[in-house]
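Text of input_14.tsv, listed as TSV, C-alpha atoms and all ligand atoms:
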```
chain	number	residue	atom	x	y	z
A	1	MET	CA	114.90	97.85	113.30
A	2	ASN	CA	113.07	95.08	115.14
A	3	TYR	CA	109.55	94.84	113.82
A	4	SER	CA	106.72	93.96	116.21
A	5	VAL	CA	103.58	95.26	114.46
A	6	LEU	CA	104.75	94.49	110.93
A	7	GLU	CA	106.09	91.32	109.38
A	8	ILE	CA	108.31	91.76	106.32
A	9	GLU	CA	109.36	89.20	103.76
A	10	LEU	CA	111.68	90.13	100.87
A	11	LYS	CA	111.59	87.44	98.19
A	12	ASP	CA	111.63	87.16	94.39
A	13	HIS	CA	111.74	90.98	93.94
A	14	ILE	CA	108.62	91.40	96.13
A	15	ALA	CA	108.37	93.03	99.57
A	16	LEU	CA	105.44	91.43	101.38
A	17	VAL	CA	104.39	93.54	104.37
A	18	LYS	CA	101.85	92.11	106.82
A	19	VAL	CA	100.18	94.10	109.58
A	20	ASN	CA	100.32	91.62	112.43
A	21	ARG	CA	98.28	92.68	115.45
A	22	PRO	CA	95.29	90.38	114.98
A	23	GLU	CA	94.21	90.64	118.63
A	24	ALA	CA	93.26	94.30	117.92
A	25	LEU	CA	92.20	93.61	114.31
A	26	ASN	CA	95.51	95.21	113.23
A	27	ALA	CA	94.48	98.66	114.53
A	28	LEU	CA	97.11	101.28	113.71
A	29	ASN	CA	99.11	102.57	116.70
A	30	SER	CA	102.13	104.90	116.74
A	31	ARG	CA	104.48	101.91	116.57
A	32	PHE	CA	102.85	100.93	113.26
A	33	PHE	CA	103.76	104.30	111.72
A	34	GLU	CA	107.36	104.10	112.98
A	35	GLU	CA	107.73	100.63	111.50
A	36	MET	CA	105.97	101.47	108.21
A	37	ASP	CA	108.19	104.56	107.71
A	38	ASN	CA	111.18	102.30	108.24
A	39	VAL	CA	109.91	99.66	105.79
A	40	ILE	CA	109.29	102.31	103.13
A	41	ALA	CA	112.86	103.63	103.54
A	42	GLU	CA	114.36	100.12	103.57
A	43	VAL	CA	112.43	98.92	100.51
A	44	SER	CA	113.06	102.17	98.61
A	45	ALA	CA	116.80	101.71	99.13
A	46	ASN	CA	116.75	98.12	97.84
A	47	PRO	CA	116.98	98.07	94.02
A	48	ASP	CA	116.19	94.34	93.97
A	49	ILE	CA	112.61	94.97	95.13
A	50	LYS	CA	110.21	95.84	92.30
A	51	VAL	CA	106.76	95.60	93.94
A	52	MET	CA	105.45	95.99	97.49
A	53	ILE	CA	102.33	94.22	98.79
A	54	ILE	CA	100.50	95.19	101.99
A	55	THR	CA	98.06	92.84	103.71
A	56	GLY	CA	96.74	92.01	107.17
A	57	VAL	CA	97.04	88.92	109.41
A	58	GLY	CA	93.75	87.32	110.55
A	59	LYS	CA	90.22	88.46	109.78
A	60	ALA	CA	91.06	92.14	109.26
A	61	PHE	CA	93.19	94.07	106.80
A	62	VAL	CA	93.17	96.93	109.33
A	63	ALA	CA	90.11	97.91	111.41
A	64	GLY	CA	91.19	101.53	111.80
A	65	ALA	CA	93.40	103.73	113.87
A	66	ASP	CA	93.83	102.42	117.42
A	67	ILE	CA	90.81	103.87	119.23
A	68	ALA	CA	92.33	102.99	122.64
A	69	GLU	CA	95.40	105.11	121.84
A	70	MET	CA	93.34	108.04	120.49
A	71	VAL	CA	90.50	108.30	122.99
A	72	HIS	CA	91.96	110.94	125.33
A	73	MET	CA	94.08	112.90	122.88
A	74	THR	CA	93.99	116.69	122.96
A	75	PRO	CA	93.09	118.53	119.72
A	76	GLU	CA	96.81	119.26	119.22
A	77	GLN	CA	97.80	115.62	119.72
A	78	GLY	CA	94.97	114.57	117.38
A	79	SER	CA	96.18	116.88	114.62
A	80	ALA	CA	99.76	115.67	115.09
A	81	PHE	CA	98.63	112.01	114.92
A	82	SER	CA	96.64	112.83	111.80
A	83	LYS	CA	99.67	114.44	110.09
A	84	LEU	CA	101.84	111.47	111.06
A	85	GLY	CA	99.49	109.07	109.26
A	86	GLN	CA	98.98	111.40	106.30
A	87	ASN	CA	102.76	111.61	105.81
A	88	THR	CA	103.27	107.85	106.02
A	89	PHE	CA	100.51	107.08	103.52
A	90	TYR	CA	101.75	109.85	101.21
A	91	SER	CA	105.22	108.26	101.36
A	92	LEU	CA	103.65	105.01	100.14
A	93	GLU	CA	102.12	106.86	97.23
A	94	LYS	CA	105.48	108.45	96.46
A	95	MET	CA	107.42	105.16	96.41
A	96	GLU	CA	108.94	104.57	92.98
A	97	ILE	CA	107.66	100.99	92.78
A	98	PRO	CA	103.98	99.96	92.66
A	99	VAL	CA	102.34	99.17	96.00
A	100	ILE	CA	99.42	96.70	95.93
A	101	GLY	CA	96.87	96.40	98.74
A	102	ALA	CA	95.78	92.78	99.32
A	103	ILE	CA	92.59	93.41	101.26
A	104	ASN	CA	91.90	90.23	103.21
A	105	GLY	CA	89.15	91.47	105.56
A	106	PHE	CA	87.93	94.62	107.36
A	107	ALA	CA	89.43	97.80	105.86
A	108	LEU	CA	87.88	100.46	108.08
A	109	GLY	CA	88.76	104.05	108.91
A	110	GLY	CA	92.56	104.31	108.97
A	111	GLY	CA	92.61	100.83	107.43
A	112	LEU	CA	90.73	101.98	104.35
A	113	GLU	CA	93.01	105.04	104.28
A	114	LEU	CA	96.04	102.72	104.29
A	115	ALA	CA	94.46	100.68	101.48
A	116	MET	CA	93.84	103.89	99.51
A	117	GLY	CA	97.51	104.88	99.94
A	118	CYS	CA	98.34	101.78	97.87
A	119	ASP	CA	98.39	102.15	94.08
A	120	PHE	CA	95.55	99.66	93.61
A	121	ARG	CA	93.67	97.06	95.61
A	122	ILE	CA	92.74	93.39	95.17
A	123	ALA	CA	90.10	92.20	97.63
A	124	SER	CA	88.93	88.94	99.15
A	125	SER	CA	85.19	88.45	98.64
A	126	LYS	CA	84.96	88.61	102.47
A	127	ALA	CA	86.52	92.09	102.72
A	128	ARG	CA	84.43	94.95	104.12
A	129	PHE	CA	85.14	98.63	103.56
A	130	GLY	CA	84.08	101.74	105.43
A	131	GLN	CA	84.91	105.12	106.88
A	132	PRO	CA	83.01	104.75	110.18
A	133	GLU	CA	84.60	107.78	111.88
A	134	VAL	CA	81.31	109.73	112.11
A	135	SER	CA	79.93	106.89	114.28
A	136	LEU	CA	82.69	107.83	116.76
A	137	GLY	CA	81.99	111.55	116.43
A	138	MET	CA	85.18	111.88	114.39
A	139	ILE	CA	86.17	112.42	110.78
A	140	PRO	CA	88.88	110.55	108.84
A	141	GLY	CA	92.37	111.86	109.62
A	142	TYR	CA	94.70	109.99	107.26
A	143	ALA	CA	93.57	111.67	104.01
A	144	GLY	CA	90.35	109.64	103.67
A	145	THR	CA	88.35	112.80	102.99
A	146	GLN	CA	90.74	113.54	100.12
A	147	ARG	CA	91.53	110.15	98.56
A	148	LEU	CA	88.05	108.61	98.70
A	149	PRO	CA	86.33	111.27	96.50
A	150	ARG	CA	89.29	111.15	94.08
A	151	LEU	CA	89.02	107.36	93.81
A	152	VAL	CA	85.26	106.78	93.68
A	153	GLY	CA	83.73	110.19	92.93
A	154	MET	CA	82.15	112.66	95.34
A	155	ALA	CA	78.68	111.12	95.72
A	156	ASP	CA	79.80	107.57	96.56
A	157	ALA	CA	82.50	109.02	98.82
A	158	LEU	CA	80.08	111.26	100.68
A	159	TYR	CA	77.63	108.35	101.01
A	160	MET	CA	80.35	106.34	102.78
A	161	LEU	CA	81.76	109.29	104.75
A	162	THR	CA	78.40	110.56	106.07
A	163	THR	CA	76.66	107.22	106.79
A	164	GLY	CA	79.76	105.40	108.07
A	165	GLU	CA	78.17	102.32	106.48
A	166	MET	CA	80.32	99.30	105.62
A	167	ILE	CA	80.18	98.04	102.06
A	168	GLY	CA	81.12	94.59	100.77
A	169	ALA	CA	83.72	93.66	98.18
A	170	ASP	CA	81.27	93.60	95.26
A	171	ASP	CA	80.07	97.14	95.99
A	172	ALA	CA	83.70	98.23	96.43
A	173	LEU	CA	84.41	96.79	92.98
A	174	ARG	CA	81.34	98.50	91.50
A	175	ILE	CA	82.43	101.96	92.69
A	176	GLY	CA	86.06	101.41	91.69
A	177	LEU	CA	87.47	101.26	95.21
A	178	VAL	CA	89.04	97.86	94.42
A	179	GLN	CA	90.15	96.56	91.06
A	180	LYS	CA	89.42	92.83	91.46
A	181	VAL	CA	87.61	90.50	93.90
A	182	VAL	CA	88.69	86.90	94.42
A	183	GLU	CA	87.89	84.07	96.83
A	184	PRO	CA	89.71	84.47	100.17
A	185	GLU	CA	91.96	81.43	99.64
A	186	GLU	CA	93.03	82.77	96.22
A	187	LEU	CA	93.89	86.30	97.36
A	188	MET	CA	97.64	86.02	97.89
A	189	ASP	CA	98.21	83.86	94.78
A	190	GLU	CA	96.31	86.39	92.68
A	191	VAL	CA	98.21	89.37	94.10
A	192	ILE	CA	101.57	87.63	93.61
A	193	LYS	CA	100.56	86.76	90.05
A	194	ILE	CA	99.83	90.45	89.38
A	195	ALA	CA	103.13	91.45	91.05
A	196	ARG	CA	105.01	89.02	88.77
A	197	ILE	CA	103.35	90.51	85.67
A	198	ILE	CA	104.60	93.94	86.76
A	199	ILE	CA	108.09	92.55	87.51
A	200	SER	CA	108.29	91.13	83.96
A	201	LYS	CA	107.88	94.63	82.43
A	202	GLY	CA	110.54	97.26	81.80
A	203	PRO	CA	111.54	98.27	85.36
A	204	GLU	CA	112.27	101.91	84.54
A	205	ALA	CA	109.06	102.13	82.49
A	206	VAL	CA	107.03	100.84	85.46
A	207	LYS	CA	108.54	103.41	87.82
A	208	LYS	CA	108.12	106.23	85.32
A	209	VAL	CA	104.53	105.38	84.43
A	210	LYS	CA	103.60	105.48	88.14
A	211	TYR	CA	105.46	108.75	88.64
A	212	VAL	CA	103.98	110.50	85.61
A	213	ALA	CA	100.42	109.30	86.33
A	214	ARG	CA	100.56	110.34	89.99
A	215	LYS	CA	102.40	113.63	89.44
A	216	GLY	CA	100.18	114.54	86.47
A	217	TYR	CA	97.04	113.79	88.48
A	218	ASN	CA	97.94	116.55	90.92
A	219	SER	CA	98.91	119.00	88.15
A	220	THR	CA	97.05	120.55	85.23
A	221	PHE	CA	96.40	118.43	82.11
A	222	GLU	CA	98.96	120.52	80.20
A	223	GLU	CA	101.65	120.06	82.88
A	224	GLY	CA	100.91	116.32	82.98
A	225	ASN	CA	101.22	116.04	79.22
A	226	ALA	CA	104.53	117.94	79.27
A	227	LEU	CA	105.87	115.54	81.91
A	228	GLU	CA	104.65	112.56	79.89
A	229	ALA	CA	106.41	113.75	76.72
A	230	GLU	CA	109.65	114.28	78.68
A	231	TYR	CA	109.57	110.83	80.35
A	232	PHE	CA	108.38	109.12	77.15
A	233	GLY	CA	111.40	110.61	75.36
A	234	SER	CA	113.77	109.57	78.15
A	235	GLN	CA	112.86	105.89	77.67
A	236	PHE	CA	114.34	105.85	74.15
A	237	LYS	CA	117.90	105.90	75.44
A	238	ASP	CA	116.99	103.53	78.28
A	239	GLU	CA	115.09	100.29	78.01
A	240	GLY	CA	112.58	101.36	75.34
A	241	GLU	CA	114.95	100.53	72.48
A	242	GLU	CA	115.54	97.02	73.88
A	243	GLY	CA	111.79	96.49	74.43
A	244	MET	CA	110.84	97.58	70.91
A	245	GLU	CA	113.75	95.67	69.27
A	246	ALA	CA	112.73	92.53	71.20
A	247	PHE	CA	109.17	92.90	69.89
A	248	LEU	CA	110.37	93.25	66.29
A	249	GLN	CA	112.75	90.28	66.70
A	250	LYS	CA	109.98	88.19	68.31
A	251	ARG	CA	112.01	87.52	71.48
A	252	LYS	CA	111.70	88.36	75.18
A	253	PRO	CA	113.30	91.67	76.17
A	254	LYS	CA	116.42	91.60	78.37
A	255	TRP	CA	116.05	94.38	80.91
A	256	GLN	CA	119.14	95.96	82.43
A	257	ASN	CA	118.04	95.91	86.10
B	1	LIG	N1	91.08	100.29	117.59
B	1	LIG	C1	91.40	99.58	118.69
B	1	LIG	N2	90.95	98.32	118.91
B	1	LIG	C2	90.16	97.77	117.98
B	1	LIG	C3	89.79	98.45	116.81
B	1	LIG	C4	90.30	99.79	116.62
B	1	LIG	N3	90.04	100.52	115.52
B	1	LIG	N4	88.99	97.66	116.07
B	1	LIG	C5	88.85	96.51	116.75
B	1	LIG	N5	89.56	96.56	117.91
B	1	LIG	C6	89.69	95.53	118.95
B	1	LIG	C7	88.38	95.39	119.75
B	1	LIG	O1	88.32	96.38	120.76
B	1	LIG	C8	88.53	93.98	120.29
B	1	LIG	O2	89.41	94.00	121.39
B	1	LIG	P1	89.08	93.10	122.71
B	1	LIG	O3	89.09	91.69	122.22
B	1	LIG	O4	90.20	93.43	123.63
B	1	LIG	O5	87.72	93.53	123.17
B	1	LIG	C9	89.24	93.24	119.16
B	1	LIG	O6	89.85	94.26	118.34
B	1	LIG	C10	88.30	92.43	118.30
B	1	LIG	O7	87.26	93.29	117.84
B	1	LIG	P2	85.69	92.98	117.99
B	1	LIG	O8	85.47	92.07	119.17
B	1	LIG	O9	84.96	94.27	117.97
B	1	LIG	O10	85.46	92.15	116.65
B	1	LIG	P3	84.06	91.96	115.87
B	1	LIG	O11	84.32	90.94	114.83
B	1	LIG	O12	82.94	91.78	116.81
B	1	LIG	O13	83.82	93.39	115.13
B	1	LIG	C11	84.51	95.29	113.83
B	1	LIG	C12	84.69	93.80	114.11
B	1	LIG	C13	83.13	95.55	113.23
B	1	LIG	C14	85.58	95.70	112.82
B	1	LIG	C15	84.65	96.11	115.13
B	1	LIG	O14	85.85	95.70	115.78
B	1	LIG	C16	84.73	97.58	114.95
B	1	LIG	O15	83.71	98.23	114.69
B	1	LIG	N6	85.95	98.19	115.09
B	1	LIG	C17	86.15	99.59	115.02
B	1	LIG	C18	86.08	100.08	113.60
B	1	LIG	C19	86.28	101.58	113.54
B	1	LIG	O16	85.49	102.35	114.04
B	1	LIG	N7	87.38	102.01	112.90
B	1	LIG	C20	87.69	103.39	112.71
B	1	LIG	C21	88.57	103.86	113.79
B	1	LIG	S1	88.83	105.62	113.73
B	1	LIG	C22	89.96	105.83	112.52
B	1	LIG	O17	90.45	104.90	111.92
B	1	LIG	C23	90.34	107.22	112.24
B	1	LIG	C24	91.55	107.31	111.30
B	1	LIG	C25	92.14	108.65	111.34
B	1	LIG	C26	92.81	108.89	112.65
B	1	LIG	C27	93.38	110.23	112.72
B	1	LIG	C28	94.24	110.40	113.94
B	1	LIG	C29	93.87	111.45	114.87
```

Render the structure in this file as structure tokens.
Ligand code: CO8
Amino acid sequence: MNYSVLEIELKDHIALVKVNRPEALNALNSRFFEEMDNVIAEVSANPDIKVMIITGVGKAFVAGADIAEMVHMTPEQGSAFSKLGQNTFYSLEKMEIPVIGAINGFALGGGLELAMGCDFRIASSKARFGQPEVSLGMIPGYAGTQRLPRLVGMADALYMLTTGEMIGADDALRIGLVQKVVEPEELMDEVIKIARIIISKGPEAVKKVKYVARKGYNSTFEEGNALEAEYFGSQFKDEGEEGMEAFLQKRKPKWQN
């Protein structure tokens, strides 16, 4: 596929995906979803890639869904466009490898929903976060009403969802919406450093820990624990033995893939 909205770089086991429509502050149009679905499939089929990073080009991460494309939609078209985005961001969540959001600037509306589809987020101190849909007489449509309360708790989520107010990186850190804030010029180095830490770990363990945490989160505690015990056990005949032997022999583990 020829990419026009996204830029993809595959290097050193990392897929770096940049949303590149700076003239519209990287607003998400239908082409974005087509390309993102394709990237997710391509990266998922490439065993050499261990971490995916999503960021934006210019002063925005993503300033929302493309308002110009949405303005005259019918209710049916609106619902269909909502489901399209929900599916794409859910596919991100379901990727086997960790997905890190490198939030370089505005993450608003659909942009914050994209960021929340990532497994965790590192922000530039200049980043701004918000769900401003109510200012447009709309509500979030890419699972923002569902992921935001799960990530930050109901009261902080409803504060953001009902006021539409933008918050800065420090407030985003305080409520747990992002996991770290760094100076803008340090953002990509920091995110790549974190990606490399993940890449140095047992690759199957990393995939399984994401799967069990995410699957268990949407199940009961008992079901989650049962899944954990099963996957914990499965690591003994995989890379767990090598990892534990390496520890006891005071050497670096040699992972199989
Ligand atoms: N859609 C389309 N174009 C956009 C968007 C957007 N979301 N955001 C910015 N742009 C465009 C502007 O229109 C402008 O274009 P032009 O130069 O042609 O006039 C260009 O990007 C630059 O923007 P500004 O001049 O406004 O830049 P400022 O630095 O002055 O302001 C802001 C930056 C504050 C980020 C401002 O651009 C803004 O408020 N943008 C809109 C933010 C917003 O409301 N986002 C939420 C959109 S709704 C949404 O995401 C719903 C998701 C669920 C959809 C479900 C599907 C049905």

Seminar exercise, completed: Counting all atoms listed in the file, closest pick from A:Ala41, A:Ala65, A:Met73, A:Val191 relative to ligand LIG 1 (chain B) is A:Ala65

With 5 Å on each side, where is the centre of the axis-aligned box around all listed atoms of ligand LIG 1 (chain B), and how long are its edges in Å to one decimal, as JSON?
```
{"center_x": 88.6, "center_y": 101.2, "center_z": 117.5, "size_x": 21.3, "size_y": 30.5, "size_z": 22.3}
```

Exercise. Interatomic distance between atom C14 of ligand LIG 1 (chain B) and CA of Phe106 in chain A?
Worked result: 6.0 Å

Exercise. Smallest atom-to-atom distance to ligand LIG 1 (chain B): which of A:Val39, A:Val19, A:Cys118, A:Met166, using all atoms listed in the file?
Worked result: A:Met166

Got a sec to check which residues lie within 9 Å of ligand LIG 1 (chain B), using only C-alpha atoms and all ligand atoms, and send them as a PDB file with C-alpha atoms, in the frame of the given file?
```
ATOM      1  CA  PRO A  22      95.290  90.380 114.980  1.00  0.00           C
ATOM      2  CA  GLU A  23      94.210  90.640 118.630  1.00  0.00           C
ATOM      3  CA  ALA A  24      93.260  94.300 117.920  1.00  0.00           C
ATOM      4  CA  LEU A  25      92.200  93.610 114.310  1.00  0.00           C
ATOM      5  CA  ASN A  26      95.510  95.210 113.230  1.00  0.00           C
ATOM      6  CA  ALA A  27      94.480  98.660 114.530  1.00  0.00           C
ATOM      7  CA  LEU A  28      97.110 101.280 113.710  1.00  0.00           C
ATOM      8  CA  ASN A  29      99.110 102.570 116.700  1.00  0.00           C
ATOM      9  CA  LYS A  59      90.220  88.460 109.780  1.00  0.00           C
ATOM     10  CA  ALA A  60      91.060  92.140 109.260  1.00  0.00           C
ATOM     11  CA  VAL A  62      93.170  96.930 109.330  1.00  0.00           C
ATOM     12  CA  ALA A  63      90.110  97.910 111.410  1.00  0.00           C
ATOM     13  CA  GLY A  64      91.190 101.530 111.800  1.00  0.00           C
ATOM     14  CA  ALA A  65      93.400 103.730 113.870  1.00  0.00           C
ATOM     15  CA  ASP A  66      93.830 102.420 117.420  1.00  0.00           C
ATOM     16  CA  ILE A  67      90.810 103.870 119.230  1.00  0.00           C
ATOM     17  CA  ALA A  68      92.330 102.990 122.640  1.00  0.00           C
ATOM     18  CA  GLU A  69      95.400 105.110 121.840  1.00  0.00           C
ATOM     19  CA  MET A  70      93.340 108.040 120.490  1.00  0.00           C
ATOM     20  CA  MET A  73      94.080 112.900 122.880  1.00  0.00           C
ATOM     21  CA  PRO A  75      93.090 118.530 119.720  1.00  0.00           C
ATOM     22  CA  GLN A  77      97.800 115.620 119.720  1.00  0.00           C
ATOM     23  CA  GLY A  78      94.970 114.570 117.380  1.00  0.00           C
ATOM     24  CA  SER A  79      96.180 116.880 114.620  1.00  0.00           C
ATOM     25  CA  ALA A  80      99.760 115.670 115.090  1.00  0.00           C
ATOM     26  CA  PHE A  81      98.630 112.010 114.920  1.00  0.00           C
ATOM     27  CA  SER A  82      96.640 112.830 111.800  1.00  0.00           C
ATOM     28  CA  LYS A  83      99.670 114.440 110.090  1.00  0.00           C
ATOM     29  CA  LEU A  84     101.840 111.470 111.060  1.00  0.00           C
ATOM     30  CA  GLY A  85      99.490 109.070 109.260  1.00  0.00           C
ATOM     31  CA  GLN A  86      98.980 111.400 106.300  1.00  0.00           C
ATOM     32  CA  PHE A 106      87.930  94.620 107.360  1.00  0.00           C
ATOM     33  CA  ALA A 107      89.430  97.800 105.860  1.00  0.00           C
ATOM     34  CA  LEU A 108      87.880 100.460 108.080  1.00  0.00           C
ATOM     35  CA  GLY A 109      88.760 104.050 108.910  1.00  0.00           C
ATOM     36  CA  GLY A 110      92.560 104.310 108.970  1.00  0.00           C
ATOM     37  CA  GLY A 111      92.610 100.830 107.430  1.00  0.00           C
ATOM     38  CA  LEU A 112      90.730 101.980 104.350  1.00  0.00           C
ATOM     39  CA  GLU A 113      93.010 105.040 104.280  1.00  0.00           C
ATOM     40  CA  ARG A 128      84.430  94.950 104.120  1.00  0.00           C
ATOM     41  CA  GLY A 130      84.080 101.740 105.430  1.00  0.00           C
ATOM     42  CA  GLN A 131      84.910 105.120 106.880  1.00  0.00           C
ATOM     43  CA  PRO A 132      83.010 104.750 110.180  1.00  0.00           C
ATOM     44  CA  GLU A 133      84.600 107.780 111.880  1.00  0.00           C
ATOM     45  CA  VAL A 134      81.310 109.730 112.110  1.00  0.00           C
ATOM     46  CA  SER A 135      79.930 106.890 114.280  1.00  0.00           C
ATOM     47  CA  LEU A 136      82.690 107.830 116.760  1.00  0.00           C
ATOM     48  CA  MET A 138      85.180 111.880 114.390  1.00  0.00           C
ATOM     49  CA  ILE A 139      86.170 112.420 110.780  1.00  0.00           C
ATOM     50  CA  PRO A 140      88.880 110.550 108.840  1.00  0.00           C
ATOM     51  CA  GLY A 141      92.370 111.860 109.620  1.00  0.00           C
ATOM     52  CA  TYR A 142      94.700 109.990 107.260  1.00  0.00           C
ATOM     53  CA  ALA A 143      93.570 111.670 104.010  1.00  0.00           C
ATOM     54  CA  GLY A 144      90.350 109.640 103.670  1.00  0.00           C
ATOM     55  CA  GLY A 164      79.760 105.400 108.070  1.00  0.00           C
ATOM     56  CA  MET A 166      80.320  99.300 105.620  1.00  0.00           C
TER      57      MET A 166
END
```

Seminar exercise, completed: One residue among A:Gln235, A:Phe61, A:Ile40, A:Ile53 is nearest to Phe89 in chain A when using only C-alpha atoms, and that residue is A:Ile40

Problem set entry | Atomic distance CA of Ile122 in chain A - CA of Met52 in chain A, expressed in Å with one decimal |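 Value for the CA of Ile122 in chain A-CA of Met52 in chain A distance: 13.2 Å.
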
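Residues within 8 Å of range 95-99 of chain A, counting only C-alpha atoms and excluding same-chain residues fewer than 3 positions away, are A:Ile40, A:Ser44, A:Lys50, A:Val51, A:Met52, A:Ile53, A:Ile54, A:Ser91, A:Leu92, A:Cys118, A:Asp119, A:Phe120, A:Val206, A:Lys207, A:Lys208, A:Lys210, A:Tyr211.
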
Export C-alpha atoms of the chosen residues as a compact mmCIF listing (two decimals), in the coordinates of the input?
```txt
# COMPACT_ATOMS: atom_id res chain seq x y z
CA ILE A 40 109.29 102.31 103.13
CA SER A 44 113.06 102.17 98.61
CA LYS A 50 110.21 95.84 92.30
CA VAL A 51 106.76 95.60 93.94
CA MET A 52 105.45 95.99 97.49
CA ILE A 53 102.33 94.22 98.79
CA ILE A 54 100.50 95.19 101.99
CA SER A 91 105.22 108.26 101.36
CA LEU A 92 103.65 105.01 100.14
CA CYS A 118 98.34 101.78 97.87
CA ASP A 119 98.39 102.15 94.08
CA PHE A 120 95.55 99.66 93.61
CA VAL A 206 107.03 100.84 85.46
CA LYS A 207 108.54 103.41 87.82
CA LYS A 208 108.12 106.23 85.32
CA LYS A 210 103.60 105.48 88.14
CA TYR A 211 105.46 108.75 88.64
```

Exercise. Separation of CA of Glu239 in chain A and CA of Pro203 in chain A, in Å?
Worked result: 8.4 Å

For this session: Considering all atoms listed in the file, state which residue in the set A:Asn104, A:Gln249, A:Asn46, A:Asn225 is at the smallest distance from Phe129 in chain A.
Result: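 Checking each candidate against Phe129 in chain A, we get A:Asn104 as the closest.
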
For this session: Could you tell me which of A:Met116, A:Ile175, A:His13, A:Thr220 comes closest to Leu148 in chain A if we count all atoms listed in the file?
Result: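 Going through A:Met116, A:Ile175, A:His13, A:Thr220 one by one, the smallest distance to Leu148 in chain A is for A:Met116.
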
For this session: Could you tell me which of A:Asp12, A:Glu204, A:Glu223, A:Glu93 comes closest to Phe236 in chain A if we count only C-alpha atoms?
Result: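 With only C-alpha atoms as the atom set, the closest residue is A:Glu204.
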
For this session: Please work out which residues fall within 12 Å of (80.8, 91.0, 90.3), coordinates as given in the file, with only C-alpha atoms counting, and return them as JSON, numbers by chain.
Result: {"A": [123, 125, 168, 169, 170, 171, 172, 173, 174, 175, 176, 178, 179, 180, 181, 182, 183]}
